Amino acid sequence: MAGTGAFADIFDGDAYKYYSDGEWKKSSSGKTVAIINPTTRKTQYKVQACTQEEVNKVMDLAKTAQKSWAKTPLWKRAELLHKAAAILKEHKAPIAECLVKEIAKPAKDSVTEVVRSGDLVSYCAEEGVRILGEGKFLVSDSFPGNERTKYCLTSKVPLGVILAIPPFNYPVNLAVSKIAPALIAGNSLVLKPPTQGAVSCLHMVHCFHLAGFPKGLISCVTGKGSEIGDFLTMHPGVNCISFTGGDTGIAISKKAGMIPLQMELGGKDACIVLEDADLDLVASNIIKGGFSYSGQRCTAVKVVLVMESVADALVEKVKAKVAKLTVGAPEDDSDITPVVSESSANFIEGLVKDAKEKGATFCQEYKREGNLIWPLLLDNVRPDMRIAWEEPFGPVLPVIRINSIEEGIHHCNASNFGLQGCVFTKDVNKAILISDAMETGTVQINSAPARGPDHFPFQGLKDSGIGSQGVTNSINMMTKIKTTVINLPTPSYTMG
Ligand code: NAP
């Protein structure tokens, strides 16, 4: 059970503690932040509201710990990560329990998130020993005007202190996708978990604690992003920020100093459906892509752009499948569960009302109880409706009927976002042309957008992000190339 047994140290009976200097502590602020259960809408947990002094302290500790961690052999760093991964998977039940209570993720998906996270940590350890164990050797005489008098050796060195800020929807997975590459590469790490999802993250961090990482190397400070976020992201002790979330990331990018940024932000992933598509396959993917975790996924299908000639048939098929979705509590593994907060539900409702006023066709009746919104397909959506462009982050999916492929591509590319997209057709040549034309970080052919498997490169264009993640890319991003040049007094040609 959460906060008991192996996790008893992280909980004081009333609130969860934060993690600093290898210990679980109460904040000197004396204040806590409430985490509201999206299903009951009552306080489920409390976490510490950390102070600026406590942030300063973890930054100092992280700086010192990183120096000796960078001198720890790579294979030993990998060994500790493998240990943490095993402990994480061993304790999947209590962590999944927190995900259910904090973010209303269906019970089975919550377990999957923890197991997937353990696998990611192990994979990262393996990948790290390979790619960080390699460097480059260059000779000078390949560049005009040079003799072979210079040998250049390159290797990857850590950046220092990485600040990791994940969002609520995959708090554990998107935290470890930053923690593991940072640590294998020899960095230290400060985690600021999302408020909804903080307790799941604290349990996950305790698994790293149990694995025996050095004191100060990993810290976890809790508190509302709106209160301590700026102090963290503008802190002079931070050498790199890895952030996943919404528009907050754009604001952070403008405020952060001259440090590397990894930004994985929002999306409005389009699903383009051509006349020759297998409509049963499309319908299943729209359900999976649009409604899993109640649409609260960055890569959810967020707008369907379907050719008019097959639109009626597709809408009928999707409607039939929507009718079969179960709606209810995450504990019961319902397909559709309450969205994360009342303000999210209100925002979604605003988009629905706007679409209603502007004449969208409602394929189901709009229904909401508290934070629970029933799945809704909106047909005949037009570009003047907000839902055509905005990310609802809820179980509401707009369908726009198009008369040409160009119209679909144009809508996709007119978006501020450019995360992923997908195209359904049996004609692979057309699929490639459309994929090339779509201004998104990834295009899936004949499947819904997805972030994963976790070692695939994952990136957004435009307002969807900066840089790329995925195990290898994240390790590379959290390192810098260091060069040593050996200068010879005379040219030296091998065997020459
Ligand atoms: P969010 O509101 O942007 O919050 C993300 C994180 O930022 C949270 O930990 C939040 O903490 C923190 N934060 C808030 N204000 C901050 C500040 N001023 N400085 C620093 N940190 C601050 O996003 P969300 O609602 O959690 O997640 C949903 C969004 O994430 C969607 O837009 C979704 O598309 C996007 N997302 C993108 C990806 C991707 O890989 N591209 C993956 C998943 C989700 P608090 O919780 O304490 O406010």
# chains A, B, ... in the order shown; residues from 1 in each chain; ligands from 1
>>> residues_around(residues="Thr361 in chain A", least_positions_apart="6", cutoff="6 Å", atoms="only C-alpha atoms", output="PyMOL selection string")
chain A and resi 378-380
>>> write_last_selection(atoms="N, CA, C and O atoms", output="tab-separated table (two decimals), in the first residue's frame")
chain	number	residue	atom	x	y	z
A	378	LEU	N	-17.50	14.75	-32.37
A	378	LEU	CA	-18.16	15.91	-32.98
A	378	LEU	C	-17.89	15.87	-34.49
A	378	LEU	O	-16.74	15.99	-34.92
A	379	ASP	N	-18.95	15.70	-35.25
A	379	ASP	CA	-18.81	15.62	-36.72
A	379	ASP	C	-19.05	17.02	-37.32
A	379	ASP	O	-19.58	17.92	-36.65
A	380	ASN	N	-18.65	17.15	-38.59
A	380	ASN	CA	-18.86	18.40	-39.32
A	380	ASN	C	-18.27	19.62	-38.61
A	380	ASN	O	-18.87	20.71	-38.61
>>> residues_near_ligand(ligand="ligand 1", cutoff="7 Å", atoms="only C-alpha atoms and all ligand atoms", output="PDB file with all heavy atoms, in the first residue's frame")
ATOM      1  N   ILE A 165      11.259  18.269 -15.236  1.00  0.00           N
ATOM      2  CA  ILE A 165       9.876  18.638 -14.883  1.00  0.00           C
ATOM      3  C   ILE A 165       8.926  17.870 -15.797  1.00  0.00           C
ATOM      4  O   ILE A 165       8.769  18.217 -16.972  1.00  0.00           O
ATOM      5  CB  ILE A 165       9.626  20.162 -15.009  1.00  0.00           C
ATOM      6  CG1 ILE A 165      10.685  20.949 -14.210  1.00  0.00           C
ATOM      7  CG2 ILE A 165       8.210  20.509 -14.547  1.00  0.00           C
ATOM      8  CD1 ILE A 165      10.481  22.458 -14.197  1.00  0.00           C
ATOM      9  N   PRO A 166       8.309  16.817 -15.290  1.00  0.00           N
ATOM     10  CA  PRO A 166       7.342  16.072 -16.104  1.00  0.00           C
ATOM     11  C   PRO A 166       5.904  16.573 -15.897  1.00  0.00           C
ATOM     12  O   PRO A 166       5.636  17.318 -14.947  1.00  0.00           O
ATOM     13  CB  PRO A 166       7.491  14.638 -15.581  1.00  0.00           C
ATOM     14  CG  PRO A 166       7.997  14.773 -14.176  1.00  0.00           C
ATOM     15  CD  PRO A 166       8.628  16.142 -14.032  1.00  0.00           C
ATOM     16  N   PRO A 167       4.974  16.175 -16.761  1.00  0.00           N
ATOM     17  CA  PRO A 167       3.569  16.589 -16.619  1.00  0.00           C
ATOM     18  C   PRO A 167       2.761  15.553 -15.832  1.00  0.00           C
ATOM     19  O   PRO A 167       3.286  14.498 -15.475  1.00  0.00           O
ATOM     20  CB  PRO A 167       3.099  16.609 -18.072  1.00  0.00           C
ATOM     21  CG  PRO A 167       3.858  15.488 -18.707  1.00  0.00           C
ATOM     22  CD  PRO A 167       5.177  15.364 -17.987  1.00  0.00           C
ATOM     23  N   PHE A 168       1.488  15.867 -15.638  1.00  0.00           N
ATOM     24  CA  PHE A 168       0.662  14.978 -14.796  1.00  0.00           C
ATOM     25  C   PHE A 168       0.319  13.657 -15.472  1.00  0.00           C
ATOM     26  O   PHE A 168       0.045  12.667 -14.802  1.00  0.00           O
ATOM     27  CB  PHE A 168      -0.638  15.703 -14.385  1.00  0.00           C
ATOM     28  CG  PHE A 168      -1.708  15.663 -15.454  1.00  0.00           C
ATOM     29  CD1 PHE A 168      -2.532  14.553 -15.579  1.00  0.00           C
ATOM     30  CD2 PHE A 168      -1.891  16.716 -16.350  1.00  0.00           C
ATOM     31  CE1 PHE A 168      -3.516  14.493 -16.573  1.00  0.00           C
ATOM     32  CE2 PHE A 168      -2.844  16.666 -17.340  1.00  0.00           C
ATOM     33  CZ  PHE A 168      -3.657  15.543 -17.456  1.00  0.00           C
ATOM     34  N   ASN A 169       0.287  13.625 -16.820  1.00  0.00           N
ATOM     35  CA  ASN A 169      -0.373  12.474 -17.447  1.00  0.00           C
ATOM     36  C   ASN A 169       0.460  11.182 -17.460  1.00  0.00           C
ATOM     37  O   ASN A 169      -0.094  10.099 -17.480  1.00  0.00           O
ATOM     38  CB  ASN A 169      -0.894  12.828 -18.849  1.00  0.00           C
ATOM     39  CG  ASN A 169       0.199  13.254 -19.800  1.00  0.00           C
ATOM     40  OD1 ASN A 169       1.307  13.574 -19.389  1.00  0.00           O
ATOM     41  ND2 ASN A 169      -0.114  13.264 -21.075  1.00  0.00           N
ATOM     42  N   TYR A 170       1.787  11.338 -17.461  1.00  0.00           N
ATOM     43  CA  TYR A 170       2.683  10.176 -17.292  1.00  0.00           C
ATOM     44  C   TYR A 170       3.758  10.575 -16.281  1.00  0.00           C
ATOM     45  O   TYR A 170       4.932  10.671 -16.629  1.00  0.00           O
ATOM     46  CB  TYR A 170       3.334   9.774 -18.629  1.00  0.00           C
ATOM     47  CG  TYR A 170       2.382   9.136 -19.606  1.00  0.00           C
ATOM     48  CD1 TYR A 170       1.640   9.904 -20.496  1.00  0.00           C
ATOM     49  CD2 TYR A 170       2.205   7.748 -19.639  1.00  0.00           C
ATOM     50  CE1 TYR A 170       0.744   9.327 -21.379  1.00  0.00           C
ATOM     51  CE2 TYR A 170       1.316   7.157 -20.526  1.00  0.00           C
ATOM     52  CZ  TYR A 170       0.590   7.962 -21.386  1.00  0.00           C
ATOM     53  OH  TYR A 170      -0.299   7.375 -22.262  1.00  0.00           O
ATOM     54  N   LYS A 192      11.244  18.100 -10.204  1.00  0.00           N
ATOM     55  CA  LYS A 192      10.068  18.835  -9.703  1.00  0.00           C
ATOM     56  C   LYS A 192       8.875  18.111 -10.311  1.00  0.00           C
ATOM     57  O   LYS A 192       8.570  18.288 -11.495  1.00  0.00           O
ATOM     58  CB  LYS A 192      10.188  20.272 -10.165  1.00  0.00           C
ATOM     59  CG  LYS A 192       9.151  21.337  -9.827  1.00  0.00           C
ATOM     60  CD  LYS A 192       7.869  21.000  -9.228  1.00  0.00           C
ATOM     61  CE  LYS A 192       6.700  21.601  -9.997  1.00  0.00           C
ATOM     62  NZ  LYS A 192       5.424  20.983  -9.618  1.00  0.00           N
ATOM     63  N   PRO A 193       8.219  17.253  -9.533  1.00  0.00           N
ATOM     64  CA  PRO A 193       7.108  16.497 -10.115  1.00  0.00           C
ATOM     65  C   PRO A 193       5.880  17.369 -10.317  1.00  0.00           C
ATOM     66  O   PRO A 193       5.745  18.415  -9.671  1.00  0.00           O
ATOM     67  CB  PRO A 193       6.842  15.416  -9.061  1.00  0.00           C
ATOM     68  CG  PRO A 193       7.358  15.962  -7.787  1.00  0.00           C
ATOM     69  CD  PRO A 193       8.428  16.971  -8.106  1.00  0.00           C
ATOM     70  N   PRO A 194       4.962  16.947 -11.192  1.00  0.00           N
ATOM     71  CA  PRO A 194       3.694  17.677 -11.305  1.00  0.00           C
ATOM     72  C   PRO A 194       2.943  17.515  -9.987  1.00  0.00           C
ATOM     73  O   PRO A 194       3.103  16.484  -9.319  1.00  0.00           O
ATOM     74  CB  PRO A 194       2.966  16.926 -12.428  1.00  0.00           C
ATOM     75  CG  PRO A 194       3.553  15.549 -12.406  1.00  0.00           C
ATOM     76  CD  PRO A 194       4.976  15.704 -11.979  1.00  0.00           C
ATOM     77  N   THR A 195       2.152  18.494  -9.624  1.00  0.00           N
ATOM     78  CA  THR A 195       1.432  18.365  -8.346  1.00  0.00           C
ATOM     79  C   THR A 195       0.516  17.138  -8.384  1.00  0.00           C
ATOM     80  O   THR A 195       0.580  16.295  -7.489  1.00  0.00           O
ATOM     81  CB  THR A 195       0.677  19.666  -8.038  1.00  0.00           C
ATOM     82  OG1 THR A 195       1.677  20.688  -7.871  1.00  0.00           O
ATOM     83  CG2 THR A 195      -0.151  19.553  -6.785  1.00  0.00           C
ATOM     84  N   GLN A 196      -0.315  17.044  -9.447  1.00  0.00           N
ATOM     85  CA  GLN A 196      -1.106  15.804  -9.591  1.00  0.00           C
ATOM     86  C   GLN A 196      -0.140  14.758 -10.154  1.00  0.00           C
ATOM     87  O   GLN A 196       0.253  14.851 -11.304  1.00  0.00           O
ATOM     88  CB  GLN A 196      -2.275  15.997 -10.565  1.00  0.00           C
ATOM     89  CG  GLN A 196      -3.278  17.056 -10.173  1.00  0.00           C
ATOM     90  CD  GLN A 196      -4.141  16.716  -8.975  1.00  0.00           C
ATOM     91  OE1 GLN A 196      -4.414  17.579  -8.157  1.00  0.00           O
ATOM     92  NE2 GLN A 196      -4.557  15.462  -8.852  1.00  0.00           N
ATOM     93  N   GLY A 223       5.908  21.114  -4.708  1.00  0.00           N
ATOM     94  CA  GLY A 223       5.289  22.433  -4.551  1.00  0.00           C
ATOM     95  C   GLY A 223       4.635  22.783  -5.865  1.00  0.00           C
ATOM     96  O   GLY A 223       4.904  22.141  -6.883  1.00  0.00           O
ATOM     97  N   LYS A 224       3.806  23.791  -5.832  1.00  0.00           N
ATOM     98  CA  LYS A 224       3.098  24.155  -7.070  1.00  0.00           C
ATOM     99  C   LYS A 224       4.062  24.783  -8.065  1.00  0.00           C
ATOM    100  O   LYS A 224       4.850  25.676  -7.698  1.00  0.00           O
ATOM    101  CB  LYS A 224       1.994  25.149  -6.756  1.00  0.00           C
ATOM    102  CG  LYS A 224       0.785  24.490  -6.169  1.00  0.00           C
ATOM    103  CD  LYS A 224      -0.388  25.439  -6.155  1.00  0.00           C
ATOM    104  CE  LYS A 224      -1.592  24.726  -5.582  1.00  0.00           C
ATOM    105  NZ  LYS A 224      -2.586  25.620  -5.064  1.00  0.00           N
ATOM    106  N   GLY A 225       3.948  24.363  -9.318  1.00  0.00           N
ATOM    107  CA  GLY A 225       4.797  24.930 -10.367  1.00  0.00           C
ATOM    108  C   GLY A 225       4.662  26.438 -10.427  1.00  0.00           C
ATOM    109  O   GLY A 225       5.635  27.164 -10.640  1.00  0.00           O
ATOM    110  N   SER A 226       3.434  26.920 -10.220  1.00  0.00           N
ATOM    111  CA  SER A 226       3.207  28.367 -10.302  1.00  0.00           C
ATOM    112  C   SER A 226       3.936  29.101  -9.183  1.00  0.00           C
ATOM    113  O   SER A 226       4.185  30.299  -9.279  1.00  0.00           O
ATOM    114  CB  SER A 226       1.705  28.655 -10.243  1.00  0.00           C
ATOM    115  OG  SER A 226       1.155  28.012  -9.108  1.00  0.00           O
ATOM    116  N   ILE A 228       6.951  27.631  -7.250  1.00  0.00           N
ATOM    117  CA  ILE A 228       8.419  27.452  -7.221  1.00  0.00           C
ATOM    118  C   ILE A 228       9.012  27.235  -8.608  1.00  0.00           C
ATOM    119  O   ILE A 228      10.223  27.143  -8.761  1.00  0.00           O
ATOM    120  CB  ILE A 228       8.871  26.294  -6.293  1.00  0.00           C
ATOM    121  CG1 ILE A 228       8.203  24.972  -6.676  1.00  0.00           C
ATOM    122  CG2 ILE A 228       8.698  26.640  -4.843  1.00  0.00           C
ATOM    123  CD1 ILE A 228       8.911  23.770  -6.081  1.00  0.00           C
ATOM    124  N   GLY A 229       8.145  27.160  -9.638  1.00  0.00           N
ATOM    125  CA  GLY A 229       8.620  26.842 -10.983  1.00  0.00           C
ATOM    126  C   GLY A 229       9.654  27.826 -11.508  1.00  0.00           C
ATOM    127  O   GLY A 229      10.737  27.427 -11.961  1.00  0.00           O
ATOM    128  N   ASP A 230       9.351  29.118 -11.425  1.00  0.00           N
ATOM    129  CA  ASP A 230      10.281  30.118 -11.978  1.00  0.00           C
ATOM    130  C   ASP A 230      11.613  30.089 -11.231  1.00  0.00           C
ATOM    131  O   ASP A 230      12.680  30.212 -11.840  1.00  0.00           O
ATOM    132  CB  ASP A 230       9.676  31.531 -11.886  1.00  0.00           C
ATOM    133  CG  ASP A 230       8.620  31.750 -12.965  1.00  0.00           C
ATOM    134  OD1 ASP A 230       8.444  30.846 -13.804  1.00  0.00           O
ATOM    135  OD2 ASP A 230       7.976  32.811 -12.951  1.00  0.00           O
ATOM    136  N   LEU A 232      13.008  27.626  -9.841  1.00  0.00           N
ATOM    137  CA  LEU A 232      13.764  26.439 -10.279  1.00  0.00           C
ATOM    138  C   LEU A 232      14.344  26.628 -11.674  1.00  0.00           C
ATOM    139  O   LEU A 232      15.533  26.391 -11.907  1.00  0.00           O
ATOM    140  CB  LEU A 232      12.837  25.216 -10.288  1.00  0.00           C
ATOM    141  CG  LEU A 232      12.621  24.497  -8.956  1.00  0.00           C
ATOM    142  CD1 LEU A 232      11.351  23.665  -9.003  1.00  0.00           C
ATOM    143  CD2 LEU A 232      13.814  23.625  -8.614  1.00  0.00           C
ATOM    144  N   THR A 233      13.494  27.034 -12.608  1.00  0.00           N
ATOM    145  CA  THR A 233      13.948  27.071 -14.007  1.00  0.00           C
ATOM    146  C   THR A 233      14.957  28.192 -14.256  1.00  0.00           C
ATOM    147  O   THR A 233      15.742  28.116 -15.193  1.00  0.00           O
ATOM    148  CB  THR A 233      12.758  27.205 -14.986  1.00  0.00           C
ATOM    149  OG1 THR A 233      11.986  28.333 -14.606  1.00  0.00           O
ATOM    150  CG2 THR A 233      11.894  25.968 -14.992  1.00  0.00           C
ATOM    151  N   THR A 244       8.507  18.421 -19.867  1.00  0.00           N
ATOM    152  CA  THR A 244       7.385  17.940 -20.673  1.00  0.00           C
ATOM    153  C   THR A 244       6.115  18.540 -20.088  1.00  0.00           C
ATOM    154  O   THR A 244       5.899  18.454 -18.872  1.00  0.00           O
ATOM    155  CB  THR A 244       7.293  16.403 -20.677  1.00  0.00           C
ATOM    156  OG1 THR A 244       8.555  15.866 -21.033  1.00  0.00           O
ATOM    157  CG2 THR A 244       6.257  15.917 -21.667  1.00  0.00           C
ATOM    158  N   GLY A 245       5.302  19.116 -20.938  1.00  0.00           N
ATOM    159  CA  GLY A 245       4.066  19.722 -20.452  1.00  0.00           C
ATOM    160  C   GLY A 245       3.433  20.556 -21.542  1.00  0.00           C
ATOM    161  O   GLY A 245       3.689  20.323 -22.735  1.00  0.00           O
ATOM    162  N   GLY A 246       2.654  21.535 -21.132  1.00  0.00           N
ATOM    163  CA  GLY A 246       1.934  22.361 -22.107  1.00  0.00           C
ATOM    164  C   GLY A 246       2.672  23.664 -22.404  1.00  0.00           C
ATOM    165  O   GLY A 246       3.909  23.712 -22.408  1.00  0.00           O
ATOM    166  N   ASP A 247       1.886  24.745 -22.578  1.00  0.00           N
ATOM    167  CA  ASP A 247       2.452  26.041 -22.958  1.00  0.00           C
ATOM    168  C   ASP A 247       3.444  26.582 -21.931  1.00  0.00           C
ATOM    169  O   ASP A 247       4.243  27.476 -22.249  1.00  0.00           O
ATOM    170  CB  ASP A 247       1.320  27.074 -23.121  1.00  0.00           C
ATOM    171  CG  ASP A 247       0.528  26.795 -24.386  1.00  0.00           C
ATOM    172  OD1 ASP A 247       0.962  25.932 -25.172  1.00  0.00           O
ATOM    173  OD2 ASP A 247      -0.533  27.434 -24.565  1.00  0.00           O
ATOM    174  N   THR A 248       3.375  26.067 -20.701  1.00  0.00           N
ATOM    175  CA  THR A 248       4.339  26.475 -19.671  1.00  0.00           C
ATOM    176  C   THR A 248       5.754  26.370 -20.229  1.00  0.00           C
ATOM    177  O   THR A 248       6.624  27.192 -19.924  1.00  0.00           O
ATOM    178  CB  THR A 248       4.221  25.522 -18.450  1.00  0.00           C
ATOM    179  OG1 THR A 248       2.853  25.285 -18.193  1.00  0.00           O
ATOM    180  CG2 THR A 248       4.903  26.075 -17.238  1.00  0.00           C
ATOM    181  N   GLY A 249       5.962  25.345 -21.063  1.00  0.00           N
ATOM    182  CA  GLY A 249       7.295  25.115 -21.637  1.00  0.00           C
ATOM    183  C   GLY A 249       7.751  26.266 -22.515  1.00  0.00           C
ATOM    184  O   GLY A 249       8.948  26.584 -22.570  1.00  0.00           O
ATOM    185  N   ILE A 252       8.893  28.932 -20.164  1.00  0.00           N
ATOM    186  CA  ILE A 252      10.192  28.571 -19.562  1.00  0.00           C
ATOM    187  C   ILE A 252      11.315  28.839 -20.559  1.00  0.00           C
ATOM    188  O   ILE A 252      12.368  29.369 -20.204  1.00  0.00           O
ATOM    189  CB  ILE A 252      10.190  27.085 -19.116  1.00  0.00           C
ATOM    190  CG1 ILE A 252       9.220  26.879 -17.947  1.00  0.00           C
ATOM    191  CG2 ILE A 252      11.591  26.615 -18.733  1.00  0.00           C
ATOM    192  CD1 ILE A 252       9.020  25.423 -17.548  1.00  0.00           C
ATOM    193  N   GLU A 264       9.226  19.040 -24.525  1.00  0.00           N
ATOM    194  CA  GLU A 264       8.227  18.198 -25.188  1.00  0.00           C
ATOM    195  C   GLU A 264       6.878  18.746 -24.787  1.00  0.00           C
ATOM    196  O   GLU A 264       6.443  18.568 -23.648  1.00  0.00           O
ATOM    197  CB  GLU A 264       8.388  16.732 -24.762  1.00  0.00           C
ATOM    198  CG  GLU A 264       9.687  16.091 -25.232  1.00  0.00           C
ATOM    199  CD  GLU A 264       9.805  15.962 -26.740  1.00  0.00           C
ATOM    200  OE1 GLU A 264       8.780  16.105 -27.442  1.00  0.00           O
ATOM    201  OE2 GLU A 264      10.923  15.744 -27.220  1.00  0.00           O
ATOM    202  N   LEU A 265       6.217  19.427 -25.729  1.00  0.00           N
ATOM    203  CA  LEU A 265       5.021  20.186 -25.338  1.00  0.00           C
ATOM    204  C   LEU A 265       3.753  19.608 -25.977  1.00  0.00           C
ATOM    205  O   LEU A 265       3.708  18.434 -26.324  1.00  0.00           O
ATOM    206  CB  LEU A 265       5.239  21.663 -25.669  1.00  0.00           C
ATOM    207  CG  LEU A 265       6.584  22.235 -25.177  1.00  0.00           C
ATOM    208  CD1 LEU A 265       6.713  23.703 -25.511  1.00  0.00           C
ATOM    209  CD2 LEU A 265       6.778  22.017 -23.690  1.00  0.00           C
ATOM    210  N   GLY A 266       2.767  20.447 -26.151  1.00  0.00           N
ATOM    211  CA  GLY A 266       1.457  19.961 -26.570  1.00  0.00           C
ATOM    212  C   GLY A 266       1.393  19.528 -28.028  1.00  0.00           C
ATOM    213  O   GLY A 266       2.360  19.664 -28.781  1.00  0.00           O
ATOM    214  N   GLY A 267       0.242  19.004 -28.404  1.00  0.00           N
ATOM    215  CA  GLY A 267       0.053  18.565 -29.783  1.00  0.00           C
ATOM    216  C   GLY A 267      -1.400  18.666 -30.194  1.00  0.00           C
ATOM    217  O   GLY A 267      -2.296  18.810 -29.347  1.00  0.00           O
ATOM    218  N   ARG A 297      -3.524  12.492 -23.539  1.00  0.00           N
ATOM    219  CA  ARG A 297      -2.189  12.076 -23.989  1.00  0.00           C
ATOM    220  C   ARG A 297      -1.701  13.099 -25.008  1.00  0.00           C
ATOM    221  O   ARG A 297      -2.481  13.563 -25.837  1.00  0.00           O
ATOM    222  CB  ARG A 297      -2.243  10.676 -24.608  1.00  0.00           C
ATOM    223  CG  ARG A 297      -2.621   9.605 -23.597  1.00  0.00           C
ATOM    224  CD  ARG A 297      -3.011   8.305 -24.268  1.00  0.00           C
ATOM    225  NE  ARG A 297      -2.028   7.866 -25.225  1.00  0.00           N
ATOM    226  CZ  ARG A 297      -2.233   7.826 -26.546  1.00  0.00           C
ATOM    227  NH1 ARG A 297      -3.386   8.201 -27.063  1.00  0.00           N
ATOM    228  NH2 ARG A 297      -1.297   7.410 -27.340  1.00  0.00           N
ATOM    229  N   CYS A 298      -0.402  13.427 -24.910  1.00  0.00           N
ATOM    230  CA  CYS A 298       0.124  14.419 -25.854  1.00  0.00           C
ATOM    231  C   CYS A 298      -0.077  13.940 -27.276  1.00  0.00           C
ATOM    232  O   CYS A 298      -0.346  14.731 -28.172  1.00  0.00           O
ATOM    233  CB  CYS A 298       1.599  14.684 -25.583  1.00  0.00           C
ATOM    234  SG  CYS A 298       2.609  13.208 -25.577  1.00  0.00           S
ATOM    235  N   PHE A 393      -7.486  17.856 -24.441  1.00  0.00           N
ATOM    236  CA  PHE A 393      -6.965  17.001 -23.373  1.00  0.00           C
ATOM    237  C   PHE A 393      -8.125  16.379 -22.598  1.00  0.00           C
ATOM    238  O   PHE A 393      -8.196  16.421 -21.372  1.00  0.00           O
ATOM    239  CB  PHE A 393      -6.017  17.774 -22.445  1.00  0.00           C
ATOM    240  CG  PHE A 393      -4.676  17.098 -22.348  1.00  0.00           C
ATOM    241  CD1 PHE A 393      -3.911  16.853 -23.477  1.00  0.00           C
ATOM    242  CD2 PHE A 393      -4.180  16.656 -21.125  1.00  0.00           C
ATOM    243  CE1 PHE A 393      -2.693  16.202 -23.410  1.00  0.00           C
ATOM    244  CE2 PHE A 393      -2.959  16.005 -21.048  1.00  0.00           C
ATOM    245  CZ  PHE A 393      -2.219  15.787 -22.193  1.00  0.00           C
ATOM    246  N   LEU A 419       3.432  17.999 -33.305  1.00  0.00           N
ATOM    247  CA  LEU A 419       3.981  16.862 -32.553  1.00  0.00           C
ATOM    248  C   LEU A 419       3.989  15.606 -33.427  1.00  0.00           C
ATOM    249  O   LEU A 419       5.010  15.220 -33.981  1.00  0.00           O
ATOM    250  CB  LEU A 419       3.173  16.661 -31.274  1.00  0.00           C
ATOM    251  CG  LEU A 419       3.763  15.704 -30.245  1.00  0.00           C
ATOM    252  CD1 LEU A 419       5.157  16.120 -29.812  1.00  0.00           C
ATOM    253  CD2 LEU A 419       2.861  15.591 -29.020  1.00  0.00           C
ATOM    254  N   GLN A 459       9.817  13.841 -30.957  1.00  0.00           N
ATOM    255  CA  GLN A 459      10.072  15.271 -30.991  1.00  0.00           C
ATOM    256  C   GLN A 459       8.903  16.006 -31.631  1.00  0.00           C
ATOM    257  O   GLN A 459       8.174  15.439 -32.423  1.00  0.00           O
ATOM    258  CB  GLN A 459      11.339  15.570 -31.801  1.00  0.00           C
ATOM    259  CG  GLN A 459      11.345  15.003 -33.231  1.00  0.00           C
ATOM    260  CD  GLN A 459      11.646  13.513 -33.292  1.00  0.00           C
ATOM    261  OE1 GLN A 459      12.544  13.064 -32.603  1.00  0.00           O
ATOM    262  NE2 GLN A 459      10.917  12.744 -34.081  1.00  0.00           N
ATOM    263  N   GLY A 460       8.788  17.277 -31.269  1.00  0.00           N
ATOM    264  CA  GLY A 460       7.744  18.099 -31.863  1.00  0.00           C
ATOM    265  C   GLY A 460       8.346  19.292 -32.583  1.00  0.00           C
ATOM    266  O   GLY A 460       9.383  19.815 -32.178  1.00  0.00           O
ATOM    267  N   SER A 464       5.367  22.560 -30.416  1.00  0.00           N
ATOM    268  CA  SER A 464       5.352  21.240 -29.768  1.00  0.00           C
ATOM    269  C   SER A 464       6.700  20.866 -29.172  1.00  0.00           C
ATOM    270  O   SER A 464       6.803  19.814 -28.533  1.00  0.00           O
ATOM    271  CB  SER A 464       4.906  20.159 -30.755  1.00  0.00           C
ATOM    272  OG  SER A 464       3.532  20.302 -31.038  1.00  0.00           O
ATOM    273  N   GLY A 465       7.713  21.677 -29.378  1.00  0.00           N
ATOM    274  CA  GLY A 465       8.933  21.336 -28.647  1.00  0.00           C
ATOM    275  C   GLY A 465      10.241  21.808 -29.218  1.00  0.00           C
ATOM    276  O   GLY A 465      10.324  22.361 -30.312  1.00  0.00           O
TER     277      GLY A 465
END
>>> select_by_dssp(residues="range 307-454 of chain A", states="helix (DSSP H, G or I)", output="JSON, numbers by chain")
{"A": [308, 309, 310, 311, 312, 313, 314, 315, 316, 317, 318, 319, 320, 321, 322, 323, 330, 331, 332, 342, 343, 344, 345, 346, 347, 348, 349, 350, 351, 352, 353, 354, 355, 356, 357, 386, 387, 388, 405, 406, 407, 408, 409, 410, 411, 412, 413, 414, 428, 429, 430, 431, 432, 433, 434, 435, 436, 437]}
>>> select_by_dssp(residues="range 252-463 of chain A", states="strand (DSSP E)", output="ChimeraX atom specification")
/A:261-264,269-273,301-307,361-362,368-369,372-373,376-379,396-402,417-418,420-424,442-445,461-462
>>> closest_residue(among="A:Leu488, A:Pro260, A:Phe243, A:Arg401", to="Ile179 in chain A", atoms="only C-alpha atoms")
A:Phe243
>>> residues_around(residues="Ile35 in chain A", least_positions_apart="2", cutoff="10 Å", atoms="only C-alpha atoms", output="VMD selection string")
chain A and resid 32 to 33 37 to 38 41 to 47 101 to 103 195 to 199
>>> atom_distance(atom1="CA of Thr64 in chain A", atom2="CA of Ala175 in chain A")
22.1 Å
